Amino acid sequence: MSLVITGLGVVSPSGTGTDGYWAALSEGRSSIAPLTGFDTDDFPVRLGGRVRGFDPHEHLDGRFVVQTDAFTWFTMVASQEALTDSGFDVAADPYATGVLLCSGTGGGEFGQRELASLYGRGPSHVGPYQSIAWFYAASTGQVSIRSGLKGMCGVLVTDEPGMLDALGQAGQALRRGGSAMLVGAGESVLGAPYSLACQAASGVLDDGDDPETAYLPFTEGTRGYVPAEGAAVAFVEERAHAEARGARVRAVVAGHASAFGGVGGLDPGGEGLLHAARGAMHRAGVAPAEVDVVFADALGVPKADADEAAALRLLFPDGVAVTAPKAGFGRAHAGAGALDVAAAVLSLEHQTVPPTPRVPDPPSGLDLVVRVARPARLRHALVLSRGAGGGVSAVVLTGPHHV
């Protein structure tokens with residue numbers, strides 16, 4: 001079965017909506033800025049990629065806003081854009097469409113606010129939605145309720161590779177029945193001290209104060225990554241089904257594979273990344289020479305970047321264009337892989353490789369696209385993702401006219 005993407009939605013620090021997101025990526029804009037909203041003086045990280053100027057009441061009914069955390073707001077808005085973009089008529093058969101979304105952190109901001117009320121003012125001051133708003137599955141539930149989707153629903157509690165794995169699982173789900181699924185991920189991890197403290201303990205965050213020198217993957221001066229928030233959602237369906245209803249195919253999900261890099265690390269040595277990339281290309285029936293661009297995981301940690309670069313040189317001995325547009329806004333945990341998938345789809349559509357922001361020169365032995373976007377003939381894009389705990393995934397996306 002051929003799985004295709006016919007709808008796409010984005011909420012990111014670089015823009016809300018796919019048009020704004022692509023404009024920022026293709027221009028190499030940076031959205032990293034000092035964190036505000038609470039005092040970060042005692043934190044080892046003071047920069048982040050926040051979704052600024054986002055008013056949930058402009059996008060959502062007030063009853064949804066009060067029941068949910070920002071990570072669900074982002075995912076609901078991205079889901080609605082993807083659903084609208086697909087042109088799919090949910091009302092024709094609401095049981096035919098499911099929802100599979102990812103989150104690694106849940107609703108930390110909502111949870112911290114309610115726990116502060118509990119310990120500061122007492123149990124009677126805790127809102128009734130505390131029991132559900134923080135929960136990882138809140139986005140899946142709210143999206144399915146709001147959009148009237150009654151097909152198979154689920155949630156992957158995972159780190160960055162979540163969206164890639166969800167695409168793989170969506171294909172399996174549709175083979176068992178159903179017509180389409182909303183697949184994506186969203187996170188909001190910068191709005192509360194508790195969420196930031198949990199990330200700071202990882203020891204892999206950039207501790208600088210200057211947005212221009214923060215999160216510079218594959219460079220000698222890199223000190224780690226900058227955390228971010230955001231969401232991306234794709235509407236996926238079987239290709240024959242999409243063509244039968246005259247839908248625009250934005251990209252084909254050609255192949256997916258995952259691996260486990262090792263307990264307690266982000267794939268030390270890069271062996272898991274290598275295995276997942278080879279598996280995804282094999283399942284896609286795509287040779288290394290046919291991959292035109294790689295959206296790198298780009299952790300921003302010297303050893304991890306070196307391992308990834310070595311894996312890419314093994315995979316593509318003749319070279320391949322590599323980019324890491326997330327360097328312009330940060331890594332949004334489960335939302336990171338989703339935003340990379342969205343970037344790859346848009347890159348295939350525009351036949352352009354977006355640059356890696358603020359990185360001045362490509363490192364030796366790696367064709368990293370820097371400074372300006374690169375027009376190119378793009379057939380296949382490989383997206384790579386590593387997460388905390390050792391999860392590693394890869395997906396091959398193909399332009400609709402190159403199948």
# chains A, B, ... in the order shown; residues from 1 in each chain; ligands from 1
>>> select_by_dssp(residues="segment 143-346 of chain A", states="alpha helix (DSSP H)", output="ChimeraX atom specification")
/A:143-147,162-175,193-200,239-244,271-284,302-315,334-346
>>> residues_around(residues="Tyr194 of chain A", least_positions_apart="2", cutoff="12 Å", atoms="only C-alpha atoms", output="PDB file with N, CA, C and O atoms, in the first residue's frame")
ATOM      1  N   PHE A  38       9.084  33.908  32.926  1.00  0.00           N
ATOM      2  CA  PHE A  38       9.533  33.616  34.286  1.00  0.00           C
ATOM      3  C   PHE A  38      11.042  33.831  34.336  1.00  0.00           C
ATOM      4  O   PHE A  38      11.713  33.907  33.300  1.00  0.00           O
ATOM      5  N   THR A  40      14.752  33.138  34.438  1.00  0.00           N
ATOM      6  CA  THR A  40      15.609  32.020  34.034  1.00  0.00           C
ATOM      7  C   THR A  40      17.044  32.153  34.554  1.00  0.00           C
ATOM      8  O   THR A  40      17.925  31.406  34.130  1.00  0.00           O
ATOM      9  N   PHE A  43      18.691  29.006  35.720  1.00  0.00           N
ATOM     10  CA  PHE A  43      18.683  27.883  34.789  1.00  0.00           C
ATOM     11  C   PHE A  43      19.934  27.910  33.916  1.00  0.00           C
ATOM     12  O   PHE A  43      20.431  28.987  33.573  1.00  0.00           O
ATOM     13  N   THR A 105       6.147  15.173  26.442  1.00  0.00           N
ATOM     14  CA  THR A 105       6.114  15.856  27.728  1.00  0.00           C
ATOM     15  C   THR A 105       4.714  16.119  28.256  1.00  0.00           C
ATOM     16  O   THR A 105       4.528  16.284  29.460  1.00  0.00           O
ATOM     17  N   GLY A 107       1.197  18.251  29.023  1.00  0.00           N
ATOM     18  CA  GLY A 107       0.863  19.639  29.342  1.00  0.00           C
ATOM     19  C   GLY A 107       1.522  20.151  30.600  1.00  0.00           C
ATOM     20  O   GLY A 107       0.875  20.312  31.650  1.00  0.00           O
ATOM     21  N   GLY A 108       2.806  20.451  30.524  1.00  0.00           N
ATOM     22  CA  GLY A 108       3.556  20.878  31.702  1.00  0.00           C
ATOM     23  C   GLY A 108       3.124  22.218  32.252  1.00  0.00           C
ATOM     24  O   GLY A 108       3.068  22.410  33.477  1.00  0.00           O
ATOM     25  N   GLU A 109       2.809  23.166  31.390  1.00  0.00           N
ATOM     26  CA  GLU A 109       2.433  24.496  31.857  1.00  0.00           C
ATOM     27  C   GLU A 109       1.103  24.445  32.610  1.00  0.00           C
ATOM     28  O   GLU A 109       0.963  25.018  33.696  1.00  0.00           O
ATOM     29  N   PHE A 110       0.136  23.759  32.039  1.00  0.00           N
ATOM     30  CA  PHE A 110      -1.166  23.608  32.694  1.00  0.00           C
ATOM     31  C   PHE A 110      -0.986  22.876  34.021  1.00  0.00           C
ATOM     32  O   PHE A 110      -1.526  23.285  35.066  1.00  0.00           O
ATOM     33  N   GLY A 111      -0.206  21.797  34.000  1.00  0.00           N
ATOM     34  CA  GLY A 111      -0.007  21.006  35.206  1.00  0.00           C
ATOM     35  C   GLY A 111       0.669  21.779  36.313  1.00  0.00           C
ATOM     36  O   GLY A 111       0.263  21.689  37.484  1.00  0.00           O
ATOM     37  N   GLN A 112       1.704  22.570  35.992  1.00  0.00           N
ATOM     38  CA  GLN A 112       2.394  23.326  37.030  1.00  0.00           C
ATOM     39  C   GLN A 112       1.479  24.381  37.639  1.00  0.00           C
ATOM     40  O   GLN A 112       1.493  24.598  38.859  1.00  0.00           O
ATOM     41  N   ARG A 113       0.682  25.031  36.802  1.00  0.00           N
ATOM     42  CA  ARG A 113      -0.232  26.058  37.314  1.00  0.00           C
ATOM     43  C   ARG A 113      -1.239  25.467  38.305  1.00  0.00           C
ATOM     44  O   ARG A 113      -1.495  26.030  39.371  1.00  0.00           O
ATOM     45  N   LEU A 115      -0.940  22.587  40.008  1.00  0.00           N
ATOM     46  CA  LEU A 115      -0.261  22.083  41.201  1.00  0.00           C
ATOM     47  C   LEU A 115       0.117  23.232  42.136  1.00  0.00           C
ATOM     48  O   LEU A 115       0.086  23.084  43.368  1.00  0.00           O
ATOM     49  N   ALA A 116       0.461  24.382  41.569  1.00  0.00           N
ATOM     50  CA  ALA A 116       0.739  25.559  42.398  1.00  0.00           C
ATOM     51  C   ALA A 116      -0.508  25.972  43.164  1.00  0.00           C
ATOM     52  O   ALA A 116      -0.445  26.365  44.341  1.00  0.00           O
ATOM     53  N   SER A 188       4.777  21.845  23.981  1.00  0.00           N
ATOM     54  CA  SER A 188       4.949  23.178  24.546  1.00  0.00           C
ATOM     55  C   SER A 188       5.707  23.009  25.854  1.00  0.00           C
ATOM     56  O   SER A 188       5.121  22.667  26.878  1.00  0.00           O
ATOM     57  N   VAL A 189       7.012  23.241  25.786  1.00  0.00           N
ATOM     58  CA  VAL A 189       7.880  22.881  26.916  1.00  0.00           C
ATOM     59  C   VAL A 189       8.651  24.066  27.465  1.00  0.00           C
ATOM     60  O   VAL A 189       9.607  23.891  28.226  1.00  0.00           O
ATOM     61  N   LEU A 190       8.236  25.281  27.109  1.00  0.00           N
ATOM     62  CA  LEU A 190       8.993  26.454  27.531  1.00  0.00           C
ATOM     63  C   LEU A 190       8.172  27.445  28.338  1.00  0.00           C
ATOM     64  O   LEU A 190       8.668  28.520  28.677  1.00  0.00           O
ATOM     65  N   GLY A 191       6.948  27.100  28.661  1.00  0.00           N
ATOM     66  CA  GLY A 191       6.081  28.056  29.331  1.00  0.00           C
ATOM     67  C   GLY A 191       6.064  27.963  30.838  1.00  0.00           C
ATOM     68  O   GLY A 191       5.371  28.742  31.498  1.00  0.00           O
ATOM     69  N   ALA A 192       6.815  27.024  31.426  1.00  0.00           N
ATOM     70  CA  ALA A 192       6.792  26.853  32.874  1.00  0.00           C
ATOM     71  C   ALA A 192       8.167  26.425  33.375  1.00  0.00           C
ATOM     72  O   ALA A 192       8.880  25.683  32.682  1.00  0.00           O
ATOM     73  N   LEU A 196      11.119  23.466  31.895  1.00  0.00           N
ATOM     74  CA  LEU A 196      12.478  23.841  31.541  1.00  0.00           C
ATOM     75  C   LEU A 196      13.496  23.111  32.409  1.00  0.00           C
ATOM     76  O   LEU A 196      14.548  22.683  31.931  1.00  0.00           O
ATOM     77  N   ALA A 197      13.173  22.949  33.689  1.00  0.00           N
ATOM     78  CA  ALA A 197      14.075  22.240  34.599  1.00  0.00           C
ATOM     79  C   ALA A 197      14.272  20.790  34.163  1.00  0.00           C
ATOM     80  O   ALA A 197      15.382  20.245  34.241  1.00  0.00           O
ATOM     81  N   CYS A 198      13.212  20.156  33.700  1.00  0.00           N
ATOM     82  CA  CYS A 198      13.310  18.761  33.245  1.00  0.00           C
ATOM     83  C   CYS A 198      14.263  18.648  32.062  1.00  0.00           C
ATOM     84  O   CYS A 198      15.025  17.682  31.944  1.00  0.00           O
ATOM     85  N   GLN A 199      14.232  19.641  31.173  1.00  0.00           N
ATOM     86  CA  GLN A 199      15.120  19.613  30.015  1.00  0.00           C
ATOM     87  C   GLN A 199      16.557  19.954  30.397  1.00  0.00           C
ATOM     88  O   GLN A 199      17.505  19.379  29.863  1.00  0.00           O
ATOM     89  N   ALA A 200      16.711  20.902  31.305  1.00  0.00           N
ATOM     90  CA  ALA A 200      18.044  21.352  31.692  1.00  0.00           C
ATOM     91  C   ALA A 200      18.879  20.218  32.277  1.00  0.00           C
ATOM     92  O   ALA A 200      20.112  20.217  32.172  1.00  0.00           O
ATOM     93  N   ALA A 201      18.216  19.254  32.871  1.00  0.00           N
ATOM     94  CA  ALA A 201      18.928  18.145  33.496  1.00  0.00           C
ATOM     95  C   ALA A 201      19.605  17.231  32.479  1.00  0.00           C
ATOM     96  O   ALA A 201      20.450  16.406  32.840  1.00  0.00           O
TER      97      ALA A 201
END
>>> closest_atom_pairs(of="segment 164-261 of chain A", to="segment 326-333 of chain A", cutoff="12 Å", atoms="only C-alpha atoms", output="Markdown table")
| residue | atom | partner | partner_atom | distance |
| --- | --- | --- | --- | --- |
| A:Ala185 | CA | A:His333 | CA | 9.1 |
| A:Gly186 | CA | A:Ala332 | CA | 7.9 |
| A:Glu187 | CA | A:Ala332 | CA | 6.3 |
| A:Ser188 | CA | A:Ala332 | CA | 7.8 |
| A:Val189 | CA | A:Ala332 | CA | 7.8 |
| A:Leu190 | CA | A:Ala332 | CA | 9.6 |
| A:Ser195 | CA | A:His333 | CA | 11.8 |
| A:Gln199 | CA | A:His333 | CA | 9.9 |
| A:Val204 | CA | A:Arg331 | CA | 11.5 |
| A:Leu205 | CA | A:Arg331 | CA | 10.0 |
| A:Asp206 | CA | A:Gly330 | CA | 10.3 |
| A:Pro211 | CA | A:Gly328 | CA | 9.6 |
| A:Glu212 | CA | A:Gly328 | CA | 9.7 |
| A:Thr213 | CA | A:Ala327 | CA | 10.7 |
| A:Ala214 | CA | A:Ala327 | CA | 8.7 |
| A:Tyr215 | CA | A:Ala327 | CA | 6.1 |
| A:Leu216 | CA | A:Ala327 | CA | 6.6 |
| A:Pro217 | CA | A:Ala327 | CA | 7.2 |
| A:Phe218 | CA | A:Ala327 | CA | 10.5 |
| A:Thr219 | CA | A:Ala327 | CA | 11.8 |
| A:Thr222 | CA | A:Ala327 | CA | 11.1 |
| A:Gly224 | CA | A:Gly330 | CA | 10.4 |
| A:Tyr225 | CA | A:Gly330 | CA | 6.6 |
| A:Val226 | CA | A:Gly330 | CA | 4.8 |
| A:Pro227 | CA | A:Arg331 | CA | 5.1 |
| A:Ala228 | CA | A:Ala332 | CA | 4.3 |
| A:Glu229 | CA | A:Ala332 | CA | 4.6 |
| A:Gly230 | CA | A:Ala332 | CA | 6.3 |
| A:Ala231 | CA | A:Ala332 | CA | 8.2 |
| A:Ala232 | CA | A:Ala332 | CA | 10.6 |
>>> residues_around(residues="Arg29 of chain A", least_positions_apart="2", cutoff="8 Å", atoms="only C-alpha atoms", output="PyMOL selection string")
chain A and resi 14+24-27+31+328+357
>>> write_last_selection(atoms="C-alpha atoms", output="short mmCIF file (atom, residue, chain, number, x, y, z; two decimals), in the first residue's frame")
data_model
loop_
_atom_site.label_atom_id
_atom_site.label_comp_id
_atom_site.auth_asym_id
_atom_site.auth_seq_id
_atom_site.Cartn_x
_atom_site.Cartn_y
_atom_site.Cartn_z
CA SER A 14 9.10 30.39 12.58
CA ALA A 24 11.05 31.51 7.26
CA LEU A 25 12.86 28.27 6.38
CA SER A 26 13.69 29.23 2.81
CA GLU A 27 15.03 32.61 3.94
CA SER A 31 13.52 32.64 15.76
CA GLY A 328 16.77 28.42 13.25
CA PRO A 357 20.54 29.09 9.74
#
>>> closest_residue(among="A:Ser385, A:Gln169, A:Thr75, A:Thr97", to="Thr16 of chain A", atoms="only C-alpha atoms")
A:Thr75
>>> atom_distance(atom1="atom CA of Phe64 of chain A", atom2="atom CA of Gln142 of chain A")
7.8 Å
>>> residues_around(residues="segment 338-353 of chain A", least_positions_apart="2", cutoff="6 Å", atoms="only C-alpha atoms", output="PyMOL selection string")
chain A and resi 163+184-185+232+335-336+373-378+399
>>> write_last_selection(atoms="C-alpha atoms", output="PDB file, in the first residue's frame")
ATOM      1  CA  MET A 163       6.107  11.675  13.988  1.00  0.00           C
ATOM      2  CA  GLY A 184       1.605  14.472  13.850  1.00  0.00           C
ATOM      3  CA  ALA A 185       3.129  15.750  17.063  1.00  0.00           C
ATOM      4  CA  ALA A 232       3.119  19.762  12.712  1.00  0.00           C
ATOM      5  CA  GLY A 335       7.426  18.240  17.613  1.00  0.00           C
ATOM      6  CA  ALA A 336      10.960  18.290  16.157  1.00  0.00           C
ATOM      7  CA  ALA A 373      18.560  28.164   0.023  1.00  0.00           C
ATOM      8  CA  ARG A 374      19.696  25.871  -2.779  1.00  0.00           C
ATOM      9  CA  PRO A 375      17.407  25.194  -5.780  1.00  0.00           C
ATOM     10  CA  ALA A 376      17.777  21.550  -6.794  1.00  0.00           C
ATOM     11  CA  ARG A 377      16.071  18.662  -8.530  1.00  0.00           C
ATOM     12  CA  LEU A 378      14.620  16.838  -5.539  1.00  0.00           C
ATOM     13  CA  GLY A 399       7.767  13.922  -4.473  1.00  0.00           C
TER      14      GLY A 399
END
>>> closest_residue(among="A:Leu60, A:Leu149, A:Ala70, A:Met281", to="Asp89 of chain A", atoms="only C-alpha atoms")
A:Leu149
>>> closest_atom_pairs(of="segment 360-395 of chain A", to="segment 266-274 of chain A", cutoff="10 Å", atoms="only C-alpha atoms", output="Markdown table")
| residue | atom | partner | partner_atom | distance |
| --- | --- | --- | --- | --- |
| A:Leu384 | CA | A:Leu273 | CA | 7.3 |
| A:Ser385 | CA | A:Leu273 | CA | 7.8 |
| A:Arg386 | CA | A:Leu266 | CA | 6.3 |
| A:Gly387 | CA | A:Leu266 | CA | 6.1 |
| A:Ala388 | CA | A:Leu266 | CA | 5.7 |
| A:Gly389 | CA | A:Leu266 | CA | 6.5 |
| A:Gly390 | CA | A:Leu266 | CA | 5.0 |
| A:Gly391 | CA | A:Asp267 | CA | 7.6 |
| A:Val392 | CA | A:Leu273 | CA | 6.0 |
| A:Ser393 | CA | A:Leu273 | CA | 7.0 |
| A:Ala394 | CA | A:Leu273 | CA | 7.7 |
>>> select_by_dssp(residues="segment 46-121 of chain A", states="strand (DSSP E)", output="list in words")
Leu47, Gly48, Thr97, Gly98, Val99, Leu100, Leu101 and Cys102 of chain A
>>> closest_residue(among="A:Asp210, A:Asp165, A:Asp69, A:Glu81", to="Gln130 of chain A", atoms="only C-alpha atoms")
A:Asp69
>>> residues_around(residues="Ala242 of chain A", least_positions_apart="4", cutoff="12 Å", atoms="only C-alpha atoms", output="PyMOL selection string")
chain A and resi 2-7+86-89+179-180+235-238+246-252+400
>>> atom_distance(atom1="atom CA of Thr68 of chain A", atom2="atom CA of Ile132 of chain A")
7.9 Å
>>> residues_around(residues="Gly255 of chain A", least_positions_apart="6", cutoff="8 Å", atoms="only C-alpha atoms", output="list in words")
Gly168, Gly279, Ala280, Met281, His282, Arg283, Ala284, Gly285, Val395, Val396 and Leu397 of chain A
>>> closest_residue(among="A:Leu156, A:Ala310, A:Ala23, A:Leu164", to="Ala257 of chain A", atoms="only C-alpha atoms")
A:Leu164
>>> atom_distance(atom1="atom CA of Ala309 of chain A", atom2="atom CA of Val369 of chain A")
13.6 Å
>>> residues_around(residues="Val155 of chain A", least_positions_apart="4", cutoff="6 Å", atoms="only C-alpha atoms", output="list of chain:residue names")
A:Leu100, A:Leu101, A:Cys102, A:Ala137
>>> write_last_selection(atoms="all heavy atoms", output="PDB file, in the first residue's frame")
ATOM      1  N   LEU A 100      -3.585   9.924  15.093  1.00  0.00           N
ATOM      2  CA  LEU A 100      -2.424   9.376  15.788  1.00  0.00           C
ATOM      3  C   LEU A 100      -1.424  10.504  16.006  1.00  0.00           C
ATOM      4  O   LEU A 100      -0.755  10.953  15.071  1.00  0.00           O
ATOM      5  CB  LEU A 100      -1.784   8.239  14.980  1.00  0.00           C
ATOM      6  CG  LEU A 100      -0.586   7.532  15.622  1.00  0.00           C
ATOM      7  CD1 LEU A 100      -0.963   6.941  16.976  1.00  0.00           C
ATOM      8  CD2 LEU A 100      -0.046   6.441  14.708  1.00  0.00           C
ATOM      9  N   LEU A 101      -1.338  10.990  17.242  1.00  0.00           N
ATOM     10  CA  LEU A 101      -0.498  12.136  17.569  1.00  0.00           C
ATOM     11  C   LEU A 101       0.529  11.750  18.633  1.00  0.00           C
ATOM     12  O   LEU A 101       0.369  10.746  19.331  1.00  0.00           O
ATOM     13  CB  LEU A 101      -1.357  13.302  18.054  1.00  0.00           C
ATOM     14  CG  LEU A 101      -2.408  13.802  17.053  1.00  0.00           C
ATOM     15  CD1 LEU A 101      -3.298  14.856  17.684  1.00  0.00           C
ATOM     16  CD2 LEU A 101      -1.743  14.356  15.798  1.00  0.00           C
ATOM     17  N   CYS A 102       1.566  12.564  18.747  1.00  0.00           N
ATOM     18  CA  CYS A 102       2.684  12.247  19.647  1.00  0.00           C
ATOM     19  C   CYS A 102       2.981  13.407  20.581  1.00  0.00           C
ATOM     20  O   CYS A 102       2.827  14.580  20.212  1.00  0.00           O
ATOM     21  CB  CYS A 102       3.945  11.944  18.839  1.00  0.00           C
ATOM     22  SG  CYS A 102       3.713  10.820  17.463  1.00  0.00           S
ATOM     23  N   ALA A 137      -2.312  12.056  25.847  1.00  0.00           N
ATOM     24  CA  ALA A 137      -3.341  11.772  24.846  1.00  0.00           C
ATOM     25  C   ALA A 137      -4.357  12.895  24.700  1.00  0.00           C
ATOM     26  O   ALA A 137      -5.296  12.767  23.910  1.00  0.00           O
ATOM     27  CB  ALA A 137      -4.065  10.473  25.196  1.00  0.00           C
TER      28      ALA A 137
END
